[in-house]
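The block underneath contains the structure these notes are about, expressed in structure tokens.
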Amino acid sequence: MRGVQHYTGEIKPAPPVLIWSLYSGVTSFTAMAIIGIIHKYGAAIRDHNLPFAIAPTGASAVLLFAVPSSPLAQPRNVILGHLIAAQMGVFMYELFKHVEVSLEWLPGALAVGLAIFFMGLTNCYHPPAGATAYLAGYFSADVRRVGWWFPLYPVLPVVLIMVSVAIVVNNLVRVYPVYWFTTVHYKHTTESQVQAPKVVTSKEDENDPDSDLTTSKPDTEESSRSSSVDLENEVNSVAGNEEEAQVAWMMARIHELEHELNSLRAHHAHTVDVSHAKTCQPEYLA
């Protein structure tokens with residue numbers, strides 16, 4: 001099995017549609033079956049009539065097992081998205097639980113709106129989390145039973161089970177997660193990765209310690225540092241979702257590489273000119 005190699009986050013080409021769809025269905029069934037079995041046969045759950053299986057996890061299964069490379073399906077988005085949504089839902093429920101019947105629609109709508117707002121602030125959008133917020137805010141029986149504990153139980157353990165199963169089964173034939181926290185972590189580039197290789201124009205110049213033609217490393221350290229800072233600022237300025245951040249980082253990296261390539265071309269042209277001038281000197285001046 002190649003699963004161990006896939007935890008690095010390297011994206012592989014998708015298999016044929018039939019295989020992909022079949023595997024997505026089987027893996028999502030596995031995750032939902034585990035949750036259903038725990039809900040049915042868990043001793044503490046059964047004895048105390050506690051909730052466990054929640055409907056929004058079915059929507060999360062579509063993202064986790066059908067489109068695992070989507071920014072909306074990465075662990076940070078799934079876990080934080082559901083937790084934020086559950087907290088907003090419980091808050092609205094407790095705030096409006098004594099409201100008159102004509103306003104029972106209000107807490108659920110407010111919960112979804114606030115959940116999306118805070119998911120945007122934390123850059124962890126996860127669409128199924130909207131259902132978690134609405135479920136909690138719209139006077140859910142599950143919230144009545146567990147109250148303020150709803151985000152920690154049952155939402156947190158259920159979400160952790162879903163993500164854990166996705167990590168195990170997805171990496172058998174594909175990649176999950178693509179990243180653990182955010183694509184901004186890919187922006188880090190060490191100086192050794194951006195320094196130019198050693199350029200030597202001839203064997204004679206290589207053996208000459210006083211020769212200006214031996215160029216070990218062009219003066220790119222300052223430009224590398226400045227370009228890395230520019231890259232970080234450009235990526236951090238993106239206020240959209242993870243996909244926008246990934247595109248912004250790729251474009252910034254392209255600009256950085258173009259700048260380094262132009263520097264290398266200019267230095268190489270200067271080196272060739274000096275070499276030509278030296279070879280054209282008379283012997284008594286050499």
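Chains: A, B, ... in order of the structure tokens. Residues: from 1 per chain. Ligands: from 1, in order shown.
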Please identify every residue of range 72-162 of chain A that has at least one atom no farther than 10 Å from an atom of range 31-43 of chain A, counting only C-alpha atoms, and for each give the shortest atom pair and the distance in Å to one decimal, arranged by chain then increasing number, as CSV.
```
residue,atom,partner,partner_atom,distance
A:Pro157,CA,A:Ile35,CA,9.7
A:Val158,CA,A:Ile35,CA,7.0
A:Val159,CA,A:Ile35,CA,9.8
A:Ile161,CA,A:Ala31,CA,7.6
A:Met162,CA,A:Ala31,CA,6.0
```
Residues at most 9 Å from Pro151 in chain A, counting only C-alpha atoms, excluding those fewer than 6 positions away in the same chain, as a count of residues only? 7
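Close contacts of Arg76 in chain A, defined as residues with an atom at most 10 Å away when counting only C-alpha atoms, with chain neighbours fewer than 2 positions off set aside, comprise Pro71, Leu72, Ala73, Gln74, Val78, Ile79, Leu80, Gly81, His82, Asn123, Cys124, Tyr125, His126, Val163, Pro177, Tyr179, Trp180, Phe181 and Thr182 of chain A.
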Take the residues from that selection and write them out as a short mmCIF file (atom, residue, chain, number, x, y, z; two decimals), in the first residue's frame, keeping all heavy atoms.
```
data_model
loop_
_atom_site.label_atom_id
_atom_site.label_comp_id
_atom_site.auth_asym_id
_atom_site.auth_seq_id
_atom_site.Cartn_x
_atom_site.Cartn_y
_atom_site.Cartn_z
N PRO A 71 -10.60 22.48 -0.45
CA PRO A 71 -10.24 23.23 0.76
C PRO A 71 -11.32 23.15 1.84
O PRO A 71 -11.01 23.21 3.03
CB PRO A 71 -10.08 24.67 0.25
CG PRO A 71 -9.78 24.53 -1.20
CD PRO A 71 -10.53 23.32 -1.66
N LEU A 72 -12.57 22.98 1.43
CA LEU A 72 -13.67 22.90 2.40
C LEU A 72 -13.70 21.58 3.14
O LEU A 72 -14.43 21.44 4.14
CB LEU A 72 -15.01 23.09 1.68
CG LEU A 72 -15.15 24.39 0.86
CD1 LEU A 72 -16.48 24.39 0.13
CD2 LEU A 72 -15.02 25.61 1.76
N ALA A 73 -12.92 20.58 2.69
CA ALA A 73 -12.94 19.25 3.30
C ALA A 73 -11.71 18.97 4.15
O ALA A 73 -11.57 17.86 4.66
CB ALA A 73 -13.05 18.17 2.21
N GLN A 74 -10.83 19.94 4.32
CA GLN A 74 -9.61 19.70 5.09
C GLN A 74 -9.91 19.69 6.59
O GLN A 74 -10.91 20.28 7.04
CB GLN A 74 -8.56 20.75 4.75
CG GLN A 74 -8.24 20.82 3.27
CD GLN A 74 -7.96 19.44 2.67
OE1 GLN A 74 -7.09 18.71 3.14
NE2 GLN A 74 -8.70 19.10 1.62
N VAL A 78 -13.26 21.23 8.68
CA VAL A 78 -14.32 20.33 9.17
C VAL A 78 -14.51 20.48 10.68
O VAL A 78 -15.63 20.68 11.17
CB VAL A 78 -13.99 18.88 8.80
CG1 VAL A 78 -15.06 17.93 9.35
CG2 VAL A 78 -13.89 18.71 7.29
N ILE A 79 -13.42 20.41 11.42
CA ILE A 79 -13.51 20.41 12.89
C ILE A 79 -13.93 21.78 13.41
O ILE A 79 -14.91 21.91 14.16
CB ILE A 79 -12.17 19.96 13.50
CG1 ILE A 79 -11.86 18.52 13.09
CG2 ILE A 79 -12.23 20.08 15.02
CD1 ILE A 79 -10.48 18.05 13.48
N LEU A 80 -13.21 22.82 13.03
CA LEU A 80 -13.53 24.16 13.53
C LEU A 80 -14.89 24.63 13.02
O LEU A 80 -15.63 25.30 13.74
CB LEU A 80 -12.44 25.15 13.14
CG LEU A 80 -11.11 25.04 13.88
CD1 LEU A 80 -10.16 26.14 13.44
CD2 LEU A 80 -11.33 25.12 15.39
N GLY A 81 -15.19 24.31 11.77
CA GLY A 81 -16.48 24.73 11.23
C GLY A 81 -17.65 24.19 12.02
O GLY A 81 -18.58 24.93 12.39
N HIS A 82 -17.62 22.90 12.32
CA HIS A 82 -18.72 22.30 13.10
C HIS A 82 -18.75 22.82 14.53
O HIS A 82 -19.84 23.05 15.10
CB HIS A 82 -18.58 20.78 13.11
CG HIS A 82 -19.17 20.12 11.90
ND1 HIS A 82 -20.52 20.12 11.63
CD2 HIS A 82 -18.58 19.42 10.88
CE1 HIS A 82 -20.76 19.47 10.51
NE2 HIS A 82 -19.60 19.03 10.03
N ASN A 123 -11.48 31.76 8.67
CA ASN A 123 -11.11 31.13 7.40
C ASN A 123 -11.23 29.61 7.46
O ASN A 123 -10.31 28.87 7.10
CB ASN A 123 -9.69 31.53 6.99
CG ASN A 123 -9.44 31.31 5.52
OD1 ASN A 123 -10.38 31.15 4.73
ND2 ASN A 123 -8.19 31.27 5.12
N CYS A 124 -12.36 29.15 7.97
CA CYS A 124 -12.58 27.70 8.06
C CYS A 124 -13.99 27.35 7.60
O CYS A 124 -14.75 26.69 8.32
CB CYS A 124 -12.32 27.19 9.48
SG CYS A 124 -13.38 27.92 10.74
N TYR A 125 -14.35 27.80 6.41
CA TYR A 125 -15.67 27.50 5.87
C TYR A 125 -15.86 25.99 5.70
O TYR A 125 -14.98 25.30 5.17
CB TYR A 125 -15.87 28.18 4.52
CG TYR A 125 -16.11 29.66 4.60
CD1 TYR A 125 -15.20 30.55 4.04
CD2 TYR A 125 -17.25 30.17 5.20
CE1 TYR A 125 -15.42 31.93 4.10
CE2 TYR A 125 -17.47 31.53 5.26
CZ TYR A 125 -16.55 32.41 4.71
OH TYR A 125 -16.78 33.76 4.77
N HIS A 126 -17.02 25.51 6.14
CA HIS A 126 -17.40 24.11 5.93
C HIS A 126 -18.91 24.09 5.78
O HIS A 126 -19.65 24.23 6.77
CB HIS A 126 -16.96 23.25 7.11
CG HIS A 126 -17.22 21.78 6.90
ND1 HIS A 126 -16.63 21.05 5.89
CD2 HIS A 126 -18.03 20.92 7.58
CE1 HIS A 126 -17.05 19.80 5.95
NE2 HIS A 126 -17.90 19.70 6.96
N VAL A 163 -13.21 12.56 10.49
CA VAL A 163 -11.90 12.97 9.97
C VAL A 163 -10.90 11.82 10.08
O VAL A 163 -10.10 11.59 9.16
CB VAL A 163 -11.40 14.23 10.70
CG1 VAL A 163 -9.96 14.56 10.30
CG2 VAL A 163 -12.30 15.42 10.39
N PRO A 177 -5.05 14.47 4.39
CA PRO A 177 -5.44 15.78 3.90
C PRO A 177 -4.40 16.36 2.93
O PRO A 177 -3.24 15.95 2.94
CB PRO A 177 -5.49 16.61 5.18
CG PRO A 177 -4.45 15.99 6.05
CD PRO A 177 -4.48 14.51 5.75
N TYR A 179 -3.60 19.52 3.19
CA TYR A 179 -2.85 20.27 4.20
C TYR A 179 -3.61 20.13 5.52
O TYR A 179 -4.81 19.85 5.54
CB TYR A 179 -2.67 21.75 3.82
CG TYR A 179 -3.96 22.44 3.45
CD1 TYR A 179 -4.78 23.01 4.41
CD2 TYR A 179 -4.37 22.52 2.12
CE1 TYR A 179 -5.97 23.63 4.08
CE2 TYR A 179 -5.55 23.14 1.77
CZ TYR A 179 -6.35 23.70 2.76
OH TYR A 179 -7.52 24.31 2.42
N TRP A 180 -2.90 20.34 6.62
CA TRP A 180 -3.50 20.11 7.93
C TRP A 180 -4.19 21.35 8.48
O TRP A 180 -5.24 21.25 9.08
CB TRP A 180 -2.45 19.64 8.93
CG TRP A 180 -2.04 18.23 8.70
CD1 TRP A 180 -0.96 17.77 8.01
CD2 TRP A 180 -2.73 17.05 9.15
NE1 TRP A 180 -0.93 16.39 8.00
CE2 TRP A 180 -2.00 15.92 8.70
CE3 TRP A 180 -3.89 16.84 9.90
CZ2 TRP A 180 -2.40 14.62 8.97
CZ3 TRP A 180 -4.29 15.54 10.17
CH2 TRP A 180 -3.54 14.45 9.70
N PHE A 181 -3.58 22.50 8.31
CA PHE A 181 -4.13 23.71 8.92
C PHE A 181 -4.55 24.74 7.88
O PHE A 181 -5.70 25.09 7.78
CB PHE A 181 -3.12 24.32 9.89
CG PHE A 181 -2.79 23.41 11.03
CD1 PHE A 181 -1.61 22.69 11.04
CD2 PHE A 181 -3.66 23.25 12.09
CE1 PHE A 181 -1.31 21.84 12.08
CE2 PHE A 181 -3.37 22.40 13.14
CZ PHE A 181 -2.19 21.69 13.14
N THR A 182 -3.61 25.21 7.07
CA THR A 182 -3.95 26.20 6.06
C THR A 182 -2.89 26.19 4.98
O THR A 182 -1.73 25.84 5.24
CB THR A 182 -4.07 27.61 6.67
OG1 THR A 182 -4.23 28.56 5.62
CG2 THR A 182 -2.83 27.97 7.47
#
```
Can you pull out every residue from range 57-124 of chain A that DSSP, working from the backbone, puts in alpha helix (DSSP H), and format the result as a ChimeraX atom specification? /A:57-66,75-96,105-122
Tell me which protein, DNA and RNA residues are within 9 Å of Leu106 in chain A, counting only C-alpha atoms, leaving out same-chain ones fewer than 5 positions away, and put them as a VMD selection string. chain A and resid 92 96 111 137 to 138
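Proximity of A:Ala44, A:Leu264, A:Val173, A:Ala269 to Tyr23 in chain A, computed with only C-alpha atoms, is greatest for A:Val173.
Going from CA of Met119 in chain A to CA of Ser24 in chain A covers 26.5 Å.
With only C-alpha atoms as the atoms that count, the residue of A:Phe52, A:Ala66, A:Gly58, A:Leu257 with the shortest distance to Val169 in chain A is A:Ala66.
When only C-alpha atoms are used to measure the gap to Asn170 in chain A, the shortest distance among A:Gly147, A:Pro68, A:Gly25, A:Pro51 belongs to A:Pro68.
In this model, the gap between CA of Ile54 in chain A and CA of Leu110 in chain A comes to 20.1 Å.
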Expressed in Å, the length from CA of Ser140 in chain A to CA of Pro127 in chain A is 19.3 Å
Need to verify the contact set: Ala109 in chain A, 10 Å, only C-alpha atoms, exclusion of same-chain residues closer than 3 positions in sequence. Can you return it as a ChimeraX atom specification? /A:89,92,104-106,112-115,130,133-134,137-138
